[in-house]
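Raw query_31.tsv, TSV, C-alpha atoms:
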chain	number	residue	atom	x	y	z
A	216	LEU	CA	-175.84	-19.61	35.21
A	217	ALA	CA	-174.40	-20.84	38.51
A	218	ALA	CA	-174.59	-24.42	37.29
A	219	SER	CA	-172.70	-23.43	34.10
A	220	ARG	CA	-169.92	-21.74	36.11
A	221	ALA	CA	-169.57	-24.78	38.36
A	222	LEU	CA	-169.39	-27.04	35.34
A	223	MET	CA	-166.68	-24.82	33.75
A	224	SER	CA	-164.70	-24.77	37.02
A	225	ASP	CA	-164.83	-28.57	37.27
A	226	SER	CA	-163.72	-28.85	33.64
A	227	SER	CA	-160.70	-26.52	34.29
A	228	LEU	CA	-159.64	-28.56	37.31
A	229	THR	CA	-159.94	-31.73	35.27
A	230	VAL	CA	-157.68	-30.27	32.55
A	231	VAL	CA	-155.06	-29.03	35.09
A	232	ASN	CA	-155.04	-32.37	36.90
A	233	ALA	CA	-154.62	-34.15	33.60
A	234	VAL	CA	-151.75	-31.89	32.42
A	235	ARG	CA	-149.68	-32.13	35.62
A	236	PRO	CA	-149.04	-35.90	35.44
A	237	GLN	CA	-148.20	-35.55	31.75
A	238	ARG	CA	-145.55	-32.91	32.49
A	239	ALA	CA	-144.10	-35.00	35.31
A	240	MET	CA	-143.99	-38.06	33.08
A	241	ALA	CA	-142.28	-36.08	30.30
A	242	LYS	CA	-139.65	-34.85	32.75
A	243	LEU	CA	-138.96	-38.37	33.98
A	244	CYS	CA	-138.72	-39.71	30.44
A	245	GLN	CA	-136.15	-37.13	29.23
A	246	PRO	CA	-133.06	-39.17	30.27
A	247	LEU	CA	-134.61	-42.30	28.76
A	248	VAL	CA	-135.31	-40.49	25.50
A	249	GLN	CA	-131.73	-39.20	25.36
A	250	LEU	CA	-130.40	-42.69	25.96
A	251	LEU	CA	-132.62	-44.15	23.24
A	252	LEU	CA	-131.50	-41.48	20.79
A	253	THR	CA	-127.87	-42.22	21.57
A	254	LEU	CA	-128.41	-45.95	21.13
A	255	LEU	CA	-130.20	-45.38	17.83
A	256	PHE	CA	-127.42	-43.09	16.68
A	257	ILE	CA	-124.62	-45.53	17.49
A	258	ALA	CA	-126.45	-48.71	16.43
A	259	PRO	CA	-125.00	-48.71	12.88
A	260	LEU	CA	-121.47	-48.32	14.39
A	261	GLN	CA	-121.67	-51.20	16.85
A	262	VAL	CA	-121.05	-53.97	14.38
A	263	ASN	CA	-117.25	-53.74	14.41
A	264	ALA	CA	-116.41	-50.98	16.93
A	265	GLN	CA	-115.33	-51.98	20.43
A	266	GLN	CA	-115.43	-48.35	21.54
A	267	LEU	CA	-116.90	-45.15	20.17
A	268	PHE	CA	-116.02	-41.48	20.45
A	269	ARG	CA	-118.40	-38.59	21.07
A	270	PHE	CA	-117.50	-34.94	20.57
A	271	THR	CA	-118.95	-31.64	19.43
A	272	ASP	CA	-117.80	-30.40	16.02
A	273	ASP	CA	-117.05	-26.83	14.96
A	274	ASN	CA	-120.72	-26.31	14.10
A	275	GLY	CA	-121.86	-27.28	17.58
A	276	GLN	CA	-123.24	-30.60	16.39
A	277	LEU	CA	-122.85	-33.75	18.48
A	278	VAL	CA	-120.84	-36.40	16.63
A	279	ILE	CA	-120.45	-40.08	17.48
A	280	THR	CA	-117.96	-42.11	15.48
A	281	ASP	CA	-115.77	-45.17	15.73
A	282	ARG	CA	-112.73	-43.24	14.44
A	283	LEU	CA	-111.53	-40.15	16.26
A	284	PRO	CA	-110.22	-37.42	13.92
A	285	PRO	CA	-106.76	-36.21	15.05
A	286	GLU	CA	-107.85	-32.58	15.01
A	287	VAL	CA	-110.53	-33.34	17.61
A	288	ILE	CA	-108.11	-34.67	20.24
A	289	PRO	CA	-106.99	-31.24	21.53
A	290	LYS	CA	-110.61	-30.14	21.81
A	291	GLY	CA	-111.69	-32.95	24.15
A	292	TYR	CA	-114.01	-35.90	23.68
A	293	GLU	CA	-115.77	-38.81	25.39
A	294	VAL	CA	-115.15	-42.53	24.95
A	295	LEU	CA	-118.25	-44.76	24.84
A	296	ASP	CA	-118.58	-48.51	25.13
A	297	ARG	CA	-120.72	-50.62	22.77
A	298	ASN	CA	-123.79	-49.85	24.88
A	299	GLY	CA	-123.32	-46.09	24.70
A	300	ARG	CA	-122.05	-45.66	28.27
A	301	VAL	CA	-119.28	-43.11	28.87
A	302	THR	CA	-116.13	-44.93	29.95
A	303	LYS	CA	-113.69	-42.03	29.75
A	304	THR	CA	-113.79	-38.26	29.41
A	305	VAL	CA	-110.79	-36.49	27.89
A	306	GLN	CA	-110.71	-32.78	28.69
A	307	ARG	CA	-109.64	-30.29	26.06
A	308	GLN	CA	-106.00	-29.28	26.05
A	309	LEU	CA	-105.16	-25.95	27.65
A	310	ASN	CA	-103.33	-23.21	25.81
A	311	ALA	CA	-100.14	-21.63	27.17
A	312	ALA	CA	-101.94	-18.90	29.11
A	313	GLU	CA	-104.41	-21.37	30.61
A	314	ARG	CA	-101.59	-23.75	31.57
A	315	ALA	CA	-99.72	-20.92	33.27
A	316	ALA	CA	-102.86	-19.84	35.13
A	317	LYS	CA	-103.56	-23.41	36.18
A	318	GLN	CA	-99.98	-23.82	37.39
A	319	LEU	CA	-100.30	-20.69	39.49
A	320	GLU	CA	-103.59	-21.93	40.89
A	321	ASP	CA	-102.11	-25.35	41.68
A	322	ASN	CA	-99.09	-23.74	43.35
A	323	ALA	CA	-101.31	-21.49	45.44
A	324	ARG	CA	-103.48	-24.44	46.44
A	325	ALA	CA	-100.41	-26.48	47.40
A	326	ALA	CA	-98.95	-23.60	49.40
A	327	ASP	CA	-102.26	-23.12	51.21
A	328	ALA	CA	-102.46	-26.83	52.05
A	329	LEU	CA	-98.87	-26.79	53.33
A	330	ALA	CA	-99.54	-23.72	55.48
A	331	LYS	CA	-102.63	-25.35	56.97
A	332	ALA	CA	-100.70	-28.55	57.70
A	333	LYS	CA	-97.92	-26.61	59.43
A	334	LEU	CA	-100.45	-24.63	61.45
A	335	LEU	CA	-102.16	-27.84	62.56
A	336	GLU	CA	-98.81	-29.36	63.53
A	337	TRP	CA	-97.93	-26.22	65.51
A	338	ASP	CA	-101.29	-26.23	67.31
A	339	GLN	CA	-100.96	-29.90	68.23
A	340	SER	CA	-97.44	-29.32	69.52
A	341	LEU	CA	-98.54	-26.39	71.70
A	342	LEU	CA	-101.48	-28.28	73.19
A	343	ARG	CA	-99.29	-31.31	73.82
A	344	ARG	CA	-96.48	-29.38	75.58
A	345	TYR	CA	-98.37	-26.73	77.53
A	346	SER	CA	-101.51	-26.52	79.59
A	347	SER	CA	-101.54	-22.74	80.11
A	348	VAL	CA	-99.88	-19.50	79.06
A	349	ALA	CA	-98.01	-19.52	82.37
A	350	ASP	CA	-96.33	-22.78	81.32
A	351	ILE	CA	-95.06	-21.14	78.14
A	352	LYS	CA	-93.77	-18.12	80.03
A	353	HIS	CA	-91.87	-20.35	82.46
A	354	ALA	CA	-90.35	-22.31	79.56
A	355	LYS	CA	-89.40	-19.02	77.90
A	356	ALA	CA	-87.65	-17.78	81.03
A	357	ARG	CA	-85.66	-21.03	81.36
A	358	ALA	CA	-84.62	-20.98	77.71
A	359	ILE	CA	-83.56	-17.33	77.89
A	360	ASN	CA	-81.52	-18.02	80.99
A	361	ASP	CA	-79.73	-20.97	79.34
A	362	VAL	CA	-78.71	-18.92	76.30
A	363	GLN	CA	-77.76	-15.92	78.40
A	364	VAL	CA	-75.46	-18.09	80.56
A	365	ARG	CA	-73.67	-19.26	77.41
A	366	ILE	CA	-73.30	-15.68	76.21
A	367	ASP	CA	-71.85	-14.63	79.57
A	368	ILE	CA	-69.33	-17.49	79.47
A	369	LEU	CA	-68.26	-16.51	75.97
A	370	LYS	CA	-67.86	-12.87	77.00
A	371	ASN	CA	-65.76	-13.87	80.02
A	372	ASN	CA	-63.56	-16.05	77.82
A	373	LEU	CA	-63.25	-13.20	75.34
A	374	GLU	CA	-62.10	-10.79	78.04
A	375	SER	CA	-59.58	-13.35	79.26
A	376	VAL	CA	-58.14	-13.92	75.78
A	377	ILE	CA	-57.99	-10.17	75.08
A	378	ALA	CA	-56.11	-9.69	78.36
A	379	GLN	CA	-53.73	-12.51	77.40
A	380	VAL	CA	-53.07	-10.93	74.03
A	381	ALA	CA	-52.32	-7.61	75.71
A	382	SER	CA	-49.91	-9.33	78.12
A	383	GLU	CA	-48.10	-11.18	75.34
A	384	GLN	CA	-47.85	-8.03	73.25
A	385	SER	CA	-46.32	-6.26	76.24
A	386	ALA	CA	-43.83	-9.11	76.67
A	387	ALA	CA	-43.00	-8.97	72.97
A	388	ALA	CA	-42.35	-5.24	73.25
A	389	ASP	CA	-39.95	-5.86	76.18
A	390	TYR	CA	-38.04	-8.49	74.16
A	391	GLU	CA	-37.82	-6.11	71.25
A	392	ARG	CA	-36.45	-3.31	73.42
A	393	ARG	CA	-33.87	-5.56	75.09
A	394	SER	CA	-32.67	-7.71	72.23
A	395	GLY	CA	-34.24	-6.27	69.15
A	396	SER	CA	-36.11	-9.50	68.37
A	397	VAL	CA	-39.16	-11.33	69.70
A	398	PRO	CA	-39.16	-15.12	70.23
A	399	GLN	CA	-41.18	-16.94	67.62
A	400	GLU	CA	-43.11	-18.76	70.34
A	401	ILE	CA	-44.50	-15.50	71.66
A	402	LEU	CA	-45.41	-14.32	68.17
A	403	ASP	CA	-47.21	-17.61	67.52
A	404	ASP	CA	-49.15	-17.30	70.79
A	405	ILE	CA	-50.19	-13.76	69.94
A	406	ALA	CA	-51.41	-14.84	66.49
A	407	GLN	CA	-53.37	-17.78	67.92
A	408	ASN	CA	-54.96	-15.70	70.64
A	409	LYS	CA	-56.07	-13.11	68.09
A	410	LEU	CA	-57.78	-15.92	66.17
A	411	ASP	CA	-59.43	-17.02	69.42
A	412	VAL	CA	-60.68	-13.48	69.98
A	413	GLY	CA	-62.28	-13.40	66.55
A	414	GLU	CA	-63.93	-16.81	67.08
A	415	ALA	CA	-65.27	-15.79	70.49
A	416	GLN	CA	-66.73	-12.61	69.05
A	417	ARG	CA	-68.38	-14.62	66.27
A	418	LEU	CA	-69.92	-17.08	68.73
A	419	ILE	CA	-71.26	-14.25	70.87
A	420	ILE	CA	-73.03	-12.76	67.82
A	421	VAL	CA	-74.50	-16.19	66.98
A	422	ARG	CA	-75.78	-16.70	70.53
A	423	GLU	CA	-77.28	-13.21	70.68
A	424	GLN	CA	-79.12	-13.85	67.39
A	425	GLU	CA	-80.29	-17.17	68.83
A	426	LEU	CA	-81.62	-15.33	71.87
A	427	VAL	CA	-83.62	-12.90	69.73
A	428	ALA	CA	-85.09	-15.76	67.67
A	429	LEU	CA	-85.94	-17.68	70.83
A	430	ILE	CA	-87.81	-14.74	72.35
A	431	THR	CA	-89.70	-14.20	69.09
A	432	ARG	CA	-90.67	-17.88	68.90
A	433	PHE	CA	-91.96	-17.99	72.46
A	434	ASP	CA	-93.93	-14.77	71.95
A	435	ARG	CA	-95.58	-16.33	68.88
A	436	ASP	CA	-96.33	-19.48	70.88
A	437	ILE	CA	-97.97	-17.42	73.61
A	438	ALA	CA	-100.11	-15.50	71.11
A	439	ARG	CA	-101.17	-18.68	69.29
A	440	PHE	CA	-101.90	-20.60	72.49
A	441	THR	CA	-103.99	-17.71	73.79
A	442	LYS	CA	-106.07	-17.82	70.59
A	443	LEU	CA	-106.47	-21.61	70.77
A	444	TYR	CA	-107.46	-21.45	74.43
A	445	ALA	CA	-110.11	-18.83	73.63
A	446	GLN	CA	-111.51	-21.02	70.83
A	447	VAL	CA	-111.67	-24.05	73.12
A	448	ASN	CA	-113.49	-22.05	75.80
A	449	LYS	CA	-115.97	-20.74	73.22
A	450	LEU	CA	-116.80	-24.31	72.15
A	451	GLN	CA	-117.33	-25.34	75.74

Turn this file's structure into structure tokens for me.
Amino acid sequence: LAASRALMSDSSLTVVNAVRPQRAMAKLCQPLVQLLLTLLFIAPLQVNAQQLFRFTDDNGQLVITDRLPPEVIPKGYEVLDRNGRVTKTVQRQLNAAERAAKQLEDNARAADALAKAKLLEWDQSLLRRYSSVADIKHAKARAINDVQVRIDILKNNLESVIAQVASEQSAAADYERRSGSVPQEILDDIAQNKLDVGEAQRLIIVREQELVALITRFDRDIARFTKLYAQVNKLQ
């Protein structure tokens, strides 16, 4: 009985060992079989055709022909050479909804790539200009001071022009009381100085907006540099 079991066990191992190489060989031969089937299928078409077309019809059947039906073009197809090798793959045409979705996807991908490029440029600029957060803070203080000086000058000029307008208006009132008329020269000066007041006020608003934007930009630089510095330290 023991001898029979041993014999059966050896026979099972022999069968398993024989099946495994067969399965491996079949797996390796699959691409070759597919190629041979393709070559056999296109052999009758190779006499005159320089290129062939392969597509799947409405019934799910694979079709290879030397003439591509017009109705197949929107559905997509492959171009084969005389040896059955794929030389070109034409994707199916998208419908309106798919084109719109693809456009949105492409736009989002482009926007993401642009944002990443700008972020990289910003990071490189920060690391090139500054070596520490203290450097950025010093640069911020200098920039704020420069803009604030310009604002102060504009405000002083504005006060001076306003005072000049008041003086000329007083002189015009005196002329009007004495002679009933004001010299045209004084009227022209008053008009010009009022224009100067308006321009000075406009420039002050512009400079104050510039100051706010400058402070915001430096604060963003400080926050970004702090994050970059932490990442560099973590890598080290």

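Atom pair CA of Asn371 (chain A) / CA of Ser385 (chain A) has a distance of 21.2 Å (rounded to one decimal).
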
Check your understanding: Nearest to Asp296 (chain A): which of A:Gln308, A:Gln407, A:Thr280, A:Ser340 is it, counting all atoms listed in the file?
Key -> A:Thr280

Point to revise | Spatial neighbours of Thr302 (chain A), 12 Å, all atoms listed in the file, chain gap at least 6 places, as JSON, numbers by chain | key: {"A": [265, 266, 267, 268, 269, 292, 293, 294, 295, 296]}

**Study point:** Å distance separating CA of Arg344 (chain A) from CA of Gln446 (chain A), one decimal place
**Key:**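 Going from CA of Arg344 (chain A) over to CA of Gln446 (chain A), I get 17.8 Å.
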
For region 273-289 of chain A, I'd like the enclosing box, axis-aligned and padded by 3 Å on every side, reported as lines of an AutoDock Vina configuration file with centre and edge lengths in Å to one decimal.
center_x = -115.0
center_y = -35.7
center_z = 17.7
size_x = 22.5
size_y = 24.9
size_z = 13.6

Review point. Smallest atom-to-atom distance to Asp389 (chain A): which of A:Ile401, A:Lys290, A:Leu410, A:Gly299, using only C-alpha atoms?
Key: A:Ile401

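In this structure, CA of Leu341 (chain A) sits 15.3 Å away from CA of Thr431 (chain A).
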
Point to revise | Of the listed residues A:Val447, A:Val376, A:Ile405, A:Ala358, that which approaches Phe433 (chain A) most closely, counting all atoms listed in the file | key: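 Once distances to Phe433 (chain A) are computed over all atoms listed in the file, the minimum belongs to A:Ala358.
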
Point to revise | Neighbour list for Ile359 (chain A) as number ranges by chain, cut-off 10 Å, only C-alpha atoms, skip fewer than 4 positions in-chain | key: A: 353-355, 363-364, 425-427, 429-430

Could those residues be written to a file, using C-alpha atoms, as a JSON list (two decimals), keeping the file's coordinate frame?
[["chain", "number", "residue", "atom", "x", "y", "z"],
["A", 353, "HIS", "CA", -91.87, -20.35, 82.46],
["A", 354, "ALA", "CA", -90.35, -22.31, 79.56],
["A", 355, "LYS", "CA", -89.40, -19.02, 77.90],
["A", 363, "GLN", "CA", -77.76, -15.92, 78.40],
["A", 364, "VAL", "CA", -75.46, -18.09, 80.56],
["A", 425, "GLU", "CA", -80.29, -17.17, 68.83],
["A", 426, "LEU", "CA", -81.62, -15.33, 71.87],
["A", 427, "VAL", "CA", -83.62, -12.90, 69.73],
["A", 429, "LEU", "CA", -85.94, -17.68, 70.83],
["A", 430, "ILE", "CA", -87.81, -14.74, 72.35]]

Practice item. Just the residues within 12 Å of region 366-369 of chain A, please, counting only C-alpha atoms, with nothing from its chain fewer than 5 positions along; format it as an MDAnalysis selection string. Key: chainID A and resid 359:361 374:376 411:426
